[in-house]
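Okay, structure first, notes after.
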Amino acid sequence: MADKSLELFDAGHRACGGCGPALAARLILKGCGPHTIVTVSTGCMEVFSTPYPETAWKVPLIHSLFENASAVASGIEASLKKQGRNEHVICICGDGATFDIGMLCISGAFERGHNITYICYDNEAYMNTGIQRSGATPYDASTTTSPAGRQSFGNSRPKKDLPSILAAHGAPYVATCSVAYPNDIIKKVERAVNTEGPCYIQVHAPCCTGWGFDGKKTMAVGKLAIETGLWVNFELVNGSVEKAKKIKRRPVEDYLQEQKRFRHLFKPNRNDAEIAKIQAIADVNALKYGIDI
Amino acid sequence: MPLNIGCSARPGKSQENKTGSWRVFKPDFHYDLCTSCGTCQMICPEGCINLIDDKFTPDYTFCKGCGLCAEQCPADAISMKKEEK
Ligand SMILES: Cc1ncc(C[n+]2csc(CCOP(=O)(O)OP(=O)(O)O)c2C)c(N)n1
Ligand code: SF4
Ligand code: SF4
Ligand SMILES: [Mg+2]
């Protein structure tokens with residue numbers, strides 16, 4: 001069992017107050033424990049936790065590039081194996097690094113079958129460079145590269161289904177979780193690092209700065225994503241759904257209304273047609289994972 | 001300070017950066033209401049709430065005053081008040 005009292009991610013880091021990814025980092029390390037080597041991509045988490053010569057990490061951590069954390073982890077894992085060592089090797093990377101630019105390296109690492117756990121903290125855009133859309137940005141979210149305005153309702157493409165893509169690589173364990181449910185993150189990370197082979201975890205990590213809400217609401221916003229069915233917490237074991245969190249669903253506007261990135265759907269006029277499209281996304285999720293009570 | 005390719009840092013050296021100076025609001029803990037559930041300690045993004053003498057105690061050296069603990073405390077045992085400096 002993971003020792004939940006152990007703090008392996010230290011205070012003094014420079015994340016925004018109430019930062020979802022900062023909370024995710026603490027919880028992830030509680031799940032994998034001190035016997036762990038971490039590789040990170042470039043992004044908020046790396047920048048706020050390791051401004052040279054400071055670091056918040058109390059486990060070995062290496063940052064190389066934006067796109068290659070999984071390749072670095074592959075090399076570390078291969079070397080440890082050769083030496084007969086068994087530290088957990090994990091990647092912790094943003095959604096831009098995962099869904100877009102790191103995809104090639106991730107696909108390669110999963111295909112080669114390295115015994116690593118790849119964890120994406122998903123704050124649904126490139127936050128560290130000023131809120132640009134990524135393949136993880138949800139439909140209609142306004143970002144600096146998908147600004148809502150007269151010609152646009154925000155991001156015009158739906159979120160990429162990366163868990164399914166990595167499950168299709170033959171990953172033995174793929175799971176989603178959220179900072180709104182801390183014990184669930186710890187449990188799933190613990191399971192992943194103790195599963196042989198390449199595993200993938202996607203942590204929903206609300207970003208107060210990028211999504212536009214007060215930092216004290218980070219967990220409340222995360223919870224609303226789940227209660228509306230726009231985010232589903234599930235586990236895929238050898239490609240099949242083993243478990244998905246069931247809920248009594250609320251309408252999607254309860255989640256959308258809390259965030260400035262969706263403000264244009266309500267002001268100056270309520271956009272029923274676009275809200276209905278987002279409701280349809282939640283309905284498909286609910287059907288696919290059977291989450292309705 | 002020369003910065004070469006390949007830099008390393010001492011674990012936990014971030015503690016030199018006292019983020020408590022960022023605070024605008026300060027969490028006030030009311031121990032008469034606290035049920036010791038540990039929610040605040042689990043969810044503080046700074047990891048700066050410690051159990052001292054059986055009391056969950058924020059470390060104001062690092063607390064950024066985000067208000068997440070007060071918002072999530074199921075017993076309403078934490079209130080935020082304007083920081084006086
Ligand atoms: C090859 C390369 N391209 C672009 C950048 C600039 N860059 C640094 S961080 C970042 C955004 C990272 O986004 P994400 O992975 O989602 O992490 P977040 O900042 O949102 O936590 C970008 C584009 C870079 N460092 N390297
Ligand atoms: S911009 Fe978002 S992800 Fe980056 S430190 Fe701030 S809250 Fe965290
Ligand atoms: S206000 Fe925020 S930083 Fe301060 S103790 Fe509470 S959760 Fe931690
Ligand atoms: Mg991101």
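Within each chain, counting starts at residue 1; across the structure tokens, chains are named A, B, ... in the order shown, with ligands numbered 1 upward in that order.
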
(message) To check your reading of the model: which residues sit at most 9 Å from ligand 1 when counting only C-alpha atoms and all ligand atoms? Write the answer as a PyMOL selection string.
(response) chain A and resi 21+41-47+65-67+93-102+120-134+136+207+210

(message) Only residues of chain B matter here; which ones have an atom within 6 Å of chain A, counting only C-alpha atoms? Give them as a VMD selection string.
(response) chain B and resid 9 11 to 15 17 to 19 45 to 46 64 66 to 68

List as a compact mmCIF listing (two decimals) with N, CA, C and O atoms, in the first residue's frame the protein and nucleic acid residues near Leu33 (chain B), meaning an atom at most 12 Å away when only C-alpha atoms are counted, but skip any in the same chain fewer than 6 places from it.
```txt
# COMPACT_ATOMS: atom_id res chain seq x y z
N LYS B 55 -2.93 18.49 15.40
CA LYS B 55 -3.70 19.55 14.74
C LYS B 55 -3.16 19.77 13.33
O LYS B 55 -1.96 19.89 13.14
N CYS B 73 -13.06 21.86 2.95
CA CYS B 73 -13.23 21.31 4.30
C CYS B 73 -14.69 20.94 4.55
O CYS B 73 -15.57 21.79 4.52
N PRO B 74 -14.99 19.65 4.79
CA PRO B 74 -16.39 19.24 4.93
C PRO B 74 -17.01 19.76 6.23
O PRO B 74 -18.24 19.80 6.35
N ALA B 75 -16.20 20.18 7.19
CA ALA B 75 -16.73 20.65 8.47
C ALA B 75 -16.77 22.18 8.55
O ALA B 75 -17.09 22.74 9.60
N ASP B 76 -16.43 22.84 7.46
CA ASP B 76 -16.37 24.32 7.45
C ASP B 76 -15.49 24.86 8.57
O ASP B 76 -15.81 25.88 9.20
N ALA B 77 -14.37 24.18 8.81
CA ALA B 77 -13.52 24.56 9.93
C ALA B 77 -12.39 25.51 9.52
O ALA B 77 -11.53 25.86 10.33
N ILE B 78 -12.39 25.91 8.24
CA ILE B 78 -11.35 26.83 7.77
C ILE B 78 -12.02 28.04 7.13
O ILE B 78 -12.91 27.88 6.28
N SER B 79 -11.64 29.24 7.54
CA SER B 79 -12.19 30.43 6.88
C SER B 79 -11.02 31.27 6.36
O SER B 79 -9.92 31.24 6.90
```

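In this structure, CA of Ala78 (chain A) sits 7.5 Å away from CA of His114 (chain A).
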
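Separating atom 1 (S, counted along the ligand's line) of ligand 2 from CA of Gly212 (chain A) is a distance of 10.0 Å.
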
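Using only C-alpha atoms, the smallest distance between any of A:Gly222, A:Gly154, A:Gly135, A:Pro34 and Asp254 (chain A) comes from A:Gly222.
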
(request) Write out as a list of chain:residue names all residues of region 167-253 of chain A that backbone DSSP assigns to alpha helix (DSSP H). (result) A:Ala167, A:Pro182, A:Asn183, A:Asp184, A:Ile185, A:Ile186, A:Lys187, A:Lys188, A:Val189, A:Glu190, A:Arg191, A:Ala192, A:Val193, A:Cys208, A:Thr209, A:Gly210, A:Trp211, A:Thr218, A:Met219, A:Ala220, A:Val221, A:Gly222, A:Lys223, A:Leu224, A:Ala225, A:Ile226, A:Glu227, A:Glu253

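Non-sequential neighbours of Asp28 (chain B) (distance at most 10 Å, separation of 2 or more positions within a chain, only C-alpha atoms) are B:Phe25, B:Lys26, B:His30, B:Tyr31, B:Thr57, B:Pro58, B:Ala70, B:Ala77, B:Ile78, B:Ser79, B:Met80, B:Lys81.
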
Kindly export the residues of the current selection with all heavy atoms, as an mmCIF file, in the first residue's frame.
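Output contents, as saved in result11.cif:
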```cif
data_model
loop_
_atom_site.group_PDB
_atom_site.id
_atom_site.type_symbol
_atom_site.label_atom_id
_atom_site.label_comp_id
_atom_site.auth_asym_id
_atom_site.auth_seq_id
_atom_site.Cartn_x
_atom_site.Cartn_y
_atom_site.Cartn_z
ATOM 1 N N PHE B 25 -5.124 36.288 0.893
ATOM 2 C CA PHE B 25 -6.039 35.801 1.933
ATOM 3 C C PHE B 25 -5.339 34.708 2.725
ATOM 4 O O PHE B 25 -4.494 33.986 2.187
ATOM 5 C CB PHE B 25 -7.333 35.266 1.317
ATOM 6 C CG PHE B 25 -8.162 36.352 0.687
ATOM 7 C CD1 PHE B 25 -8.061 36.620 -0.680
ATOM 8 C CD2 PHE B 25 -9.019 37.127 1.459
ATOM 9 C CE1 PHE B 25 -8.804 37.633 -1.259
ATOM 10 C CE2 PHE B 25 -9.771 38.138 0.885
ATOM 11 C CZ PHE B 25 -9.661 38.402 -0.473
ATOM 12 N N LYS B 26 -5.705 34.603 3.975
ATOM 13 C CA LYS B 26 -5.023 33.667 4.861
ATOM 14 C C LYS B 26 -6.027 32.671 5.438
ATOM 15 O O LYS B 26 -7.088 33.087 5.922
ATOM 16 C CB LYS B 26 -4.398 34.488 5.990
ATOM 17 C CG LYS B 26 -3.579 33.707 6.980
ATOM 18 C CD LYS B 26 -2.949 34.680 7.965
ATOM 19 C CE LYS B 26 -2.035 33.933 8.919
ATOM 20 N NZ LYS B 26 -1.228 34.831 9.717
ATOM 21 N N HIS B 30 -10.172 26.586 12.534
ATOM 22 C CA HIS B 30 -10.969 26.606 13.778
ATOM 23 C C HIS B 30 -11.034 25.189 14.319
ATOM 24 O O HIS B 30 -11.832 24.368 13.849
ATOM 25 C CB HIS B 30 -12.362 27.158 13.475
ATOM 26 C CG HIS B 30 -12.313 28.475 12.743
ATOM 27 N ND1 HIS B 30 -11.891 29.650 13.336
ATOM 28 C CD2 HIS B 30 -12.581 28.786 11.451
ATOM 29 C CE1 HIS B 30 -11.925 30.631 12.445
ATOM 30 N NE2 HIS B 30 -12.321 30.130 11.292
ATOM 31 N N TYR B 31 -10.179 24.910 15.278
ATOM 32 C CA TYR B 31 -10.020 23.527 15.727
ATOM 33 C C TYR B 31 -11.221 23.000 16.500
ATOM 34 O O TYR B 31 -11.389 21.791 16.626
ATOM 35 C CB TYR B 31 -8.710 23.380 16.516
ATOM 36 C CG TYR B 31 -7.515 23.658 15.620
ATOM 37 C CD1 TYR B 31 -6.751 24.806 15.754
ATOM 38 C CD2 TYR B 31 -7.204 22.773 14.588
ATOM 39 C CE1 TYR B 31 -5.694 25.071 14.892
ATOM 40 C CE2 TYR B 31 -6.153 23.022 13.716
ATOM 41 C CZ TYR B 31 -5.401 24.170 13.870
ATOM 42 O OH TYR B 31 -4.361 24.427 13.019
ATOM 43 N N THR B 57 -1.988 21.910 10.658
ATOM 44 C CA THR B 57 -1.446 23.261 10.811
ATOM 45 C C THR B 57 -0.825 23.727 9.500
ATOM 46 O O THR B 57 0.097 23.095 8.992
ATOM 47 C CB THR B 57 -0.343 23.268 11.902
ATOM 48 O OG1 THR B 57 -0.843 22.556 13.032
ATOM 49 C CG2 THR B 57 0.051 24.669 12.287
ATOM 50 N N PRO B 58 -1.326 24.838 8.929
ATOM 51 C CA PRO B 58 -0.722 25.323 7.684
ATOM 52 C C PRO B 58 0.620 25.982 7.957
ATOM 53 O O PRO B 58 0.781 26.653 8.980
ATOM 54 C CB PRO B 58 -1.735 26.349 7.182
ATOM 55 C CG PRO B 58 -2.449 26.807 8.397
ATOM 56 C CD PRO B 58 -2.447 25.685 9.385
ATOM 57 N N ALA B 70 -10.103 25.724 2.500
ATOM 58 C CA ALA B 70 -11.313 26.265 3.114
ATOM 59 C C ALA B 70 -12.542 25.840 2.320
ATOM 60 O O ALA B 70 -13.583 25.488 2.877
ATOM 61 C CB ALA B 70 -11.228 27.787 3.175
ATOM 62 N N ALA B 77 -14.375 24.180 8.811
ATOM 63 C CA ALA B 77 -13.517 24.557 9.934
ATOM 64 C C ALA B 77 -12.393 25.508 9.519
ATOM 65 O O ALA B 77 -11.532 25.857 10.326
ATOM 66 C CB ALA B 77 -12.931 23.299 10.574
ATOM 67 N N ILE B 78 -12.392 25.909 8.242
ATOM 68 C CA ILE B 78 -11.349 26.825 7.771
ATOM 69 C C ILE B 78 -12.023 28.038 7.128
ATOM 70 O O ILE B 78 -12.913 27.881 6.284
ATOM 71 C CB ILE B 78 -10.421 26.152 6.729
ATOM 72 C CG1 ILE B 78 -9.888 24.810 7.262
ATOM 73 C CG2 ILE B 78 -9.258 27.076 6.346
ATOM 74 C CD1 ILE B 78 -9.169 23.958 6.221
ATOM 75 N N SER B 79 -11.638 29.235 7.538
ATOM 76 C CA SER B 79 -12.187 30.428 6.884
ATOM 77 C C SER B 79 -11.024 31.268 6.358
ATOM 78 O O SER B 79 -9.923 31.239 6.902
ATOM 79 C CB SER B 79 -13.038 31.232 7.865
ATOM 80 O OG SER B 79 -12.278 31.572 8.996
ATOM 81 N N MET B 80 -11.294 32.005 5.274
ATOM 82 C CA MET B 80 -10.246 32.830 4.681
ATOM 83 C C MET B 80 -10.451 34.273 5.123
ATOM 84 O O MET B 80 -11.564 34.797 5.068
ATOM 85 C CB MET B 80 -10.314 32.755 3.148
ATOM 86 C CG MET B 80 -10.160 31.366 2.559
ATOM 87 S SD MET B 80 -8.604 30.549 2.949
ATOM 88 C CE MET B 80 -7.420 31.525 2.017
ATOM 89 N N LYS B 81 -9.389 34.898 5.589
ATOM 90 C CA LYS B 81 -9.519 36.318 5.895
ATOM 91 C C LYS B 81 -8.369 37.099 5.263
ATOM 92 O O LYS B 81 -7.305 36.546 5.002
ATOM 93 C CB LYS B 81 -9.615 36.539 7.400
ATOM 94 C CG LYS B 81 -8.374 36.213 8.198
ATOM 95 C CD LYS B 81 -8.490 36.833 9.580
ATOM 96 C CE LYS B 81 -7.120 36.873 10.226
ATOM 97 N NZ LYS B 81 -7.006 36.269 11.501
#
```

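CA of Arg249 (chain A) lies 8.8 Å from CA of Ala286 (chain A).
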
(message) With DSSP run on the backbone, what are the strand (DSSP E or B) residues within region 28-83 of chain B? I'd like them as a PyMOL selection string.
(response) chain B and resi 28-29+49-52+55-58+78-82

(request) Identify which of the residues B:Gly6, B:Ile52, B:Cys44, B:Tyr60 lies closest to ligand 3, counting only C-alpha atoms and all ligand atoms when measuring atom-to-atom distances. (result) B:Cys44

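Closest to ligand 4 among A:Gly113, A:Pro158, A:Pro206, A:Gly84 is A:Pro206, based on only C-alpha atoms and all ligand atoms.
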
(message) Calculated over only C-alpha atoms, which of the candidates B:Asp53, B:Glu83, B:Cys48, B:Thr39 has the smallest distance to Glu71 (chain B)?
(response) B:Thr39

Leaving out Lys188 (chain A) and any residue of its chain fewer than 3 positions from it, which residues lie within 9 Å of it when counting only C-alpha atoms, given as a PDB file with N, CA, C and O atoms, in the first residue's frame?
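Output file selection-v3.pdb is given in full below:
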```pdb
ATOM      1  N   GLY A  31       1.321   7.937  -4.931  1.00  0.00           N
ATOM      2  CA  GLY A  31       0.952   6.641  -5.499  1.00  0.00           C
ATOM      3  C   GLY A  31       2.145   5.792  -5.872  1.00  0.00           C
ATOM      4  O   GLY A  31       2.101   4.575  -5.736  1.00  0.00           O
ATOM      5  N   ALA A 175      -5.805   4.198 -17.505  1.00  0.00           N
ATOM      6  CA  ALA A 175      -6.826   4.717 -16.590  1.00  0.00           C
ATOM      7  C   ALA A 175      -6.918   6.227 -16.684  1.00  0.00           C
ATOM      8  O   ALA A 175      -5.952   6.910 -17.037  1.00  0.00           O
ATOM      9  N   THR A 176      -8.096   6.736 -16.365  1.00  0.00           N
ATOM     10  CA  THR A 176      -8.274   8.181 -16.226  1.00  0.00           C
ATOM     11  C   THR A 176      -8.679   8.469 -14.788  1.00  0.00           C
ATOM     12  O   THR A 176      -9.302   7.632 -14.127  1.00  0.00           O
ATOM     13  N   CYS A 177      -8.296   9.643 -14.310  1.00  0.00           N
ATOM     14  CA  CYS A 177      -8.648  10.038 -12.948  1.00  0.00           C
ATOM     15  C   CYS A 177      -8.627  11.564 -12.895  1.00  0.00           C
ATOM     16  O   CYS A 177      -8.391  12.220 -13.902  1.00  0.00           O
ATOM     17  N   ASN A 183      -7.798  10.147  -3.705  1.00  0.00           N
ATOM     18  CA  ASN A 183      -7.485   8.747  -3.388  1.00  0.00           C
ATOM     19  C   ASN A 183      -7.511   7.870  -4.626  1.00  0.00           C
ATOM     20  O   ASN A 183      -6.764   6.900  -4.722  1.00  0.00           O
ATOM     21  N   ASP A 184      -8.367   8.230  -5.573  1.00  0.00           N
ATOM     22  CA  ASP A 184      -8.481   7.473  -6.820  1.00  0.00           C
ATOM     23  C   ASP A 184      -7.184   7.598  -7.646  1.00  0.00           C
ATOM     24  O   ASP A 184      -6.724   6.625  -8.241  1.00  0.00           O
ATOM     25  N   ILE A 185      -6.589   8.807  -7.642  1.00  0.00           N
ATOM     26  CA  ILE A 185      -5.309   8.986  -8.357  1.00  0.00           C
ATOM     27  C   ILE A 185      -4.247   8.089  -7.736  1.00  0.00           C
ATOM     28  O   ILE A 185      -3.538   7.354  -8.433  1.00  0.00           O
ATOM     29  N   ARG A 191      -1.434   1.101  -8.947  1.00  0.00           N
ATOM     30  CA  ARG A 191      -1.717  -0.082  -9.762  1.00  0.00           C
ATOM     31  C   ARG A 191      -0.884  -0.077 -11.050  1.00  0.00           C
ATOM     32  O   ARG A 191      -0.321  -1.095 -11.454  1.00  0.00           O
ATOM     33  N   ALA A 192      -0.774   1.101 -11.679  1.00  0.00           N
ATOM     34  CA  ALA A 192      -0.045   1.191 -12.946  1.00  0.00           C
ATOM     35  C   ALA A 192       1.431   0.856 -12.762  1.00  0.00           C
ATOM     36  O   ALA A 192       1.997   0.079 -13.535  1.00  0.00           O
ATOM     37  N   VAL A 193       2.060   1.434 -11.739  1.00  0.00           N
ATOM     38  CA  VAL A 193       3.504   1.186 -11.592  1.00  0.00           C
ATOM     39  C   VAL A 193       3.786  -0.252 -11.186  1.00  0.00           C
ATOM     40  O   VAL A 193       4.905  -0.742 -11.363  1.00  0.00           O
ATOM     41  N   ILE A 201      -1.819   6.762 -17.738  1.00  0.00           N
ATOM     42  CA  ILE A 201      -2.810   7.385 -16.864  1.00  0.00           C
ATOM     43  C   ILE A 201      -3.003   8.830 -17.289  1.00  0.00           C
ATOM     44  O   ILE A 201      -2.033   9.545 -17.555  1.00  0.00           O
ATOM     45  N   GLU A 235     -11.161   2.639 -15.984  1.00  0.00           N
ATOM     46  CA  GLU A 235      -9.968   1.801 -16.084  1.00  0.00           C
ATOM     47  C   GLU A 235     -10.149   0.832 -17.240  1.00  0.00           C
ATOM     48  O   GLU A 235     -11.196   0.173 -17.335  1.00  0.00           O
TER      49      GLU A 235
END
```
